[in-house]
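Student: To start, I am sharing the structure in question, which I have written as structure tokens.
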Amino acid sequence: MNPVKGSRFKVDIHGMVYNANITHVNKGLYIIDFYYDGEFRTSKAVDKQFFKRYESVIDWDNGLGRRKDNAK
């Protein structure tokens with residue numbers, strides 16, 4: 001899936017499952033808000049490599065329910 005502003009996904013990082021929302025996209029950088037247990041935790045600026053690095057643990061939510069990125 002191509003990450004765009006407004007995209008939502010879940011990602012498992014070090015055994016903790018975060019809900020994430022891409023809030024801004026600018027010149028290949030993405031600002032992502034991370035939430036854990038419904039509470040805001042942090043915002044991070046990441047590049048496209050983030051999505052490649054965590055591809056196996058990202059579960060995209062495209063508005064039609066949960067789906068794996070590779071379920072094209």
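As shown in the structure tokens, the chain order sets the letters A, B, ...; within each chain, residues go from 1, and ligands are also counted from 1 in the order they appear.
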To test your reading of the structure, identify every residue in chain A that backbone DSSP assigns to alpha helix (DSSP H), and report it as a list in words.
Tutor: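 The alpha helix (DSSP H) subset of chain A is Lys48, Gln49, Phe50, Phe51, Lys52 and Arg53 of chain A.
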Student: Those selected residues, please, written with N, CA, C and O atoms and delivered as a short mmCIF file (atom, residue, chain, number, x, y, z; two decimals), in the first residue's frame.
Tutor:
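Below is the file again.cif, written as the result:
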data_model
loop_
_atom_site.label_atom_id
_atom_site.label_comp_id
_atom_site.auth_asym_id
_atom_site.auth_seq_id
_atom_site.Cartn_x
_atom_site.Cartn_y
_atom_site.Cartn_z
N LYS A 48 10.40 6.60 3.69
CA LYS A 48 9.81 5.41 3.07
C LYS A 48 10.42 4.11 3.62
O LYS A 48 9.77 3.07 3.65
N GLN A 49 11.68 4.17 4.06
CA GLN A 49 12.35 2.99 4.60
C GLN A 49 11.62 2.42 5.81
O GLN A 49 11.65 1.23 6.05
N PHE A 50 10.96 3.27 6.60
CA PHE A 50 10.21 2.81 7.76
C PHE A 50 9.18 1.77 7.33
O PHE A 50 9.03 0.73 7.96
N PHE A 51 8.47 2.06 6.24
CA PHE A 51 7.42 1.15 5.78
C PHE A 51 8.00 -0.13 5.21
O PHE A 51 7.42 -1.20 5.36
N LYS A 52 9.18 -0.07 4.60
CA LYS A 52 9.84 -1.27 4.12
C LYS A 52 10.37 -2.10 5.28
O LYS A 52 10.25 -3.32 5.30
N ARG A 53 10.96 -1.43 6.26
CA ARG A 53 11.55 -2.12 7.42
C ARG A 53 10.50 -2.85 8.23
O ARG A 53 10.73 -3.95 8.71
#
Student: Would you return as a PyMOL selection string the members of chain A that DSSP assigns to strand (DSSP E or B) on this structure's backbone?
Tutor: chain A and resi 8-13+16-26+29-36+39-47+58-61+66-68
Student: Have a look at A:Asn2, A:Ser7, A:Asn19, A:Ser56 and name the one nearest to Asp37 of chain A; count only C-alpha atoms.
Tutor: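 Among A:Asn2, A:Ser7, A:Asn19, A:Ser56, it is A:Asn19 that comes nearest to Asp37 of chain A.
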Student: Could you name the residues that touch segment 27-33 of chain A at 7 Å or less, counting only C-alpha atoms, but leaving out those on the same chain fewer than 5 positions away, as a PyMOL selection string?
Tutor: chain A and resi 20-22+42-48
Student: Create the file for the chosen residues now, containing all heavy atoms and written as a PDB file, in the first residue's frame.
Tutor:
ATOM      1  N   ALA A  20      -1.543   3.752  14.420  1.00  0.00           N
ATOM      2  CA  ALA A  20      -0.792   4.871  13.853  1.00  0.00           C
ATOM      3  C   ALA A  20      -1.608   5.565  12.779  1.00  0.00           C
ATOM      4  O   ALA A  20      -2.422   4.950  12.104  1.00  0.00           O
ATOM      5  CB  ALA A  20       0.520   4.362  13.271  1.00  0.00           C
ATOM      6  N   ASN A  21      -1.357   6.858  12.627  1.00  0.00           N
ATOM      7  CA  ASN A  21      -2.057   7.687  11.651  1.00  0.00           C
ATOM      8  C   ASN A  21      -1.035   8.590  10.976  1.00  0.00           C
ATOM      9  O   ASN A  21      -0.287   9.299  11.656  1.00  0.00           O
ATOM     10  CB  ASN A  21      -3.129   8.518  12.358  1.00  0.00           C
ATOM     11  CG  ASN A  21      -3.924   9.377  11.414  1.00  0.00           C
ATOM     12  OD1 ASN A  21      -4.051   9.062  10.246  1.00  0.00           O
ATOM     13  ND2 ASN A  21      -4.450  10.467  11.922  1.00  0.00           N
ATOM     14  N   ILE A  22      -0.994   8.563   9.646  1.00  0.00           N
ATOM     15  CA  ILE A  22      -0.106   9.456   8.914  1.00  0.00           C
ATOM     16  C   ILE A  22      -0.786  10.818   8.850  1.00  0.00           C
ATOM     17  O   ILE A  22      -1.847  10.964   8.243  1.00  0.00           O
ATOM     18  CB  ILE A  22       0.199   8.921   7.503  1.00  0.00           C
ATOM     19  CG1 ILE A  22       0.867   7.555   7.599  1.00  0.00           C
ATOM     20  CG2 ILE A  22       1.061   9.921   6.731  1.00  0.00           C
ATOM     21  CD1 ILE A  22       1.087   6.866   6.267  1.00  0.00           C
ATOM     22  N   THR A  42       3.409   9.420  20.803  1.00  0.00           N
ATOM     23  CA  THR A  42       4.457  10.238  20.195  1.00  0.00           C
ATOM     24  C   THR A  42       4.163  10.488  18.724  1.00  0.00           C
ATOM     25  O   THR A  42       3.351   9.792  18.119  1.00  0.00           O
ATOM     26  CB  THR A  42       5.838   9.562  20.340  1.00  0.00           C
ATOM     27  OG1 THR A  42       6.851  10.475  19.948  1.00  0.00           O
ATOM     28  CG2 THR A  42       5.936   8.296  19.518  1.00  0.00           C
ATOM     29  N   SER A  43       4.820  11.473  18.160  1.00  0.00           N
ATOM     30  CA  SER A  43       4.835  11.705  16.714  1.00  0.00           C
ATOM     31  C   SER A  43       6.260  11.488  16.240  1.00  0.00           C
ATOM     32  O   SER A  43       7.203  11.872  16.927  1.00  0.00           O
ATOM     33  CB  SER A  43       4.412  13.136  16.371  1.00  0.00           C
ATOM     34  OG  SER A  43       3.047  13.312  16.552  1.00  0.00           O
ATOM     35  N   LYS A  44       6.387  10.887  15.093  1.00  0.00           N
ATOM     36  CA  LYS A  44       7.712  10.638  14.530  1.00  0.00           C
ATOM     37  C   LYS A  44       7.723  11.034  13.066  1.00  0.00           C
ATOM     38  O   LYS A  44       6.729  10.856  12.362  1.00  0.00           O
ATOM     39  CB  LYS A  44       8.073   9.153  14.609  1.00  0.00           C
ATOM     40  CG  LYS A  44       8.179   8.596  15.988  1.00  0.00           C
ATOM     41  CD  LYS A  44       9.569   8.740  16.501  1.00  0.00           C
ATOM     42  CE  LYS A  44       9.654   8.031  17.845  1.00  0.00           C
ATOM     43  NZ  LYS A  44      10.795   8.354  18.588  1.00  0.00           N
ATOM     44  N   ALA A  45       8.855  11.553  12.624  1.00  0.00           N
ATOM     45  CA  ALA A  45       9.085  11.796  11.208  1.00  0.00           C
ATOM     46  C   ALA A  45       9.852  10.593  10.671  1.00  0.00           C
ATOM     47  O   ALA A  45      10.888  10.218  11.229  1.00  0.00           O
ATOM     48  CB  ALA A  45       9.873  13.078  10.999  1.00  0.00           C
ATOM     49  N   VAL A  46       9.317   9.960   9.642  1.00  0.00           N
ATOM     50  CA  VAL A  46       9.958   8.778   9.068  1.00  0.00           C
ATOM     51  C   VAL A  46      10.030   8.931   7.550  1.00  0.00           C
ATOM     52  O   VAL A  46       9.317   9.740   6.963  1.00  0.00           O
ATOM     53  CB  VAL A  46       9.201   7.478   9.427  1.00  0.00           C
ATOM     54  CG1 VAL A  46       9.125   7.305  10.936  1.00  0.00           C
ATOM     55  CG2 VAL A  46       7.816   7.461   8.829  1.00  0.00           C
ATOM     56  N   ASP A  47      10.889   8.136   6.939  1.00  0.00           N
ATOM     57  CA  ASP A  47      10.945   8.118   5.483  1.00  0.00           C
ATOM     58  C   ASP A  47      10.356   6.798   4.978  1.00  0.00           C
ATOM     59  O   ASP A  47       9.868   5.985   5.749  1.00  0.00           O
ATOM     60  CB  ASP A  47      12.366   8.335   4.977  1.00  0.00           C
ATOM     61  CG  ASP A  47      13.337   7.258   5.448  1.00  0.00           C
ATOM     62  OD1 ASP A  47      12.891   6.245   6.040  1.00  0.00           O
ATOM     63  OD2 ASP A  47      14.535   7.424   5.214  1.00  0.00           O
ATOM     64  N   LYS A  48      10.404   6.597   3.687  1.00  0.00           N
ATOM     65  CA  LYS A  48       9.815   5.407   3.074  1.00  0.00           C
ATOM     66  C   LYS A  48      10.425   4.110   3.618  1.00  0.00           C
ATOM     67  O   LYS A  48       9.767   3.072   3.648  1.00  0.00           O
ATOM     68  CB  LYS A  48      10.006   5.486   1.554  1.00  0.00           C
ATOM     69  CG  LYS A  48       9.121   4.598   0.777  1.00  0.00           C
ATOM     70  CD  LYS A  48       8.121   5.430   0.061  1.00  0.00           C
ATOM     71  CE  LYS A  48       7.320   4.591  -0.896  1.00  0.00           C
ATOM     72  NZ  LYS A  48       5.992   5.085  -1.038  1.00  0.00           N
TER      73      LYS A  48
END
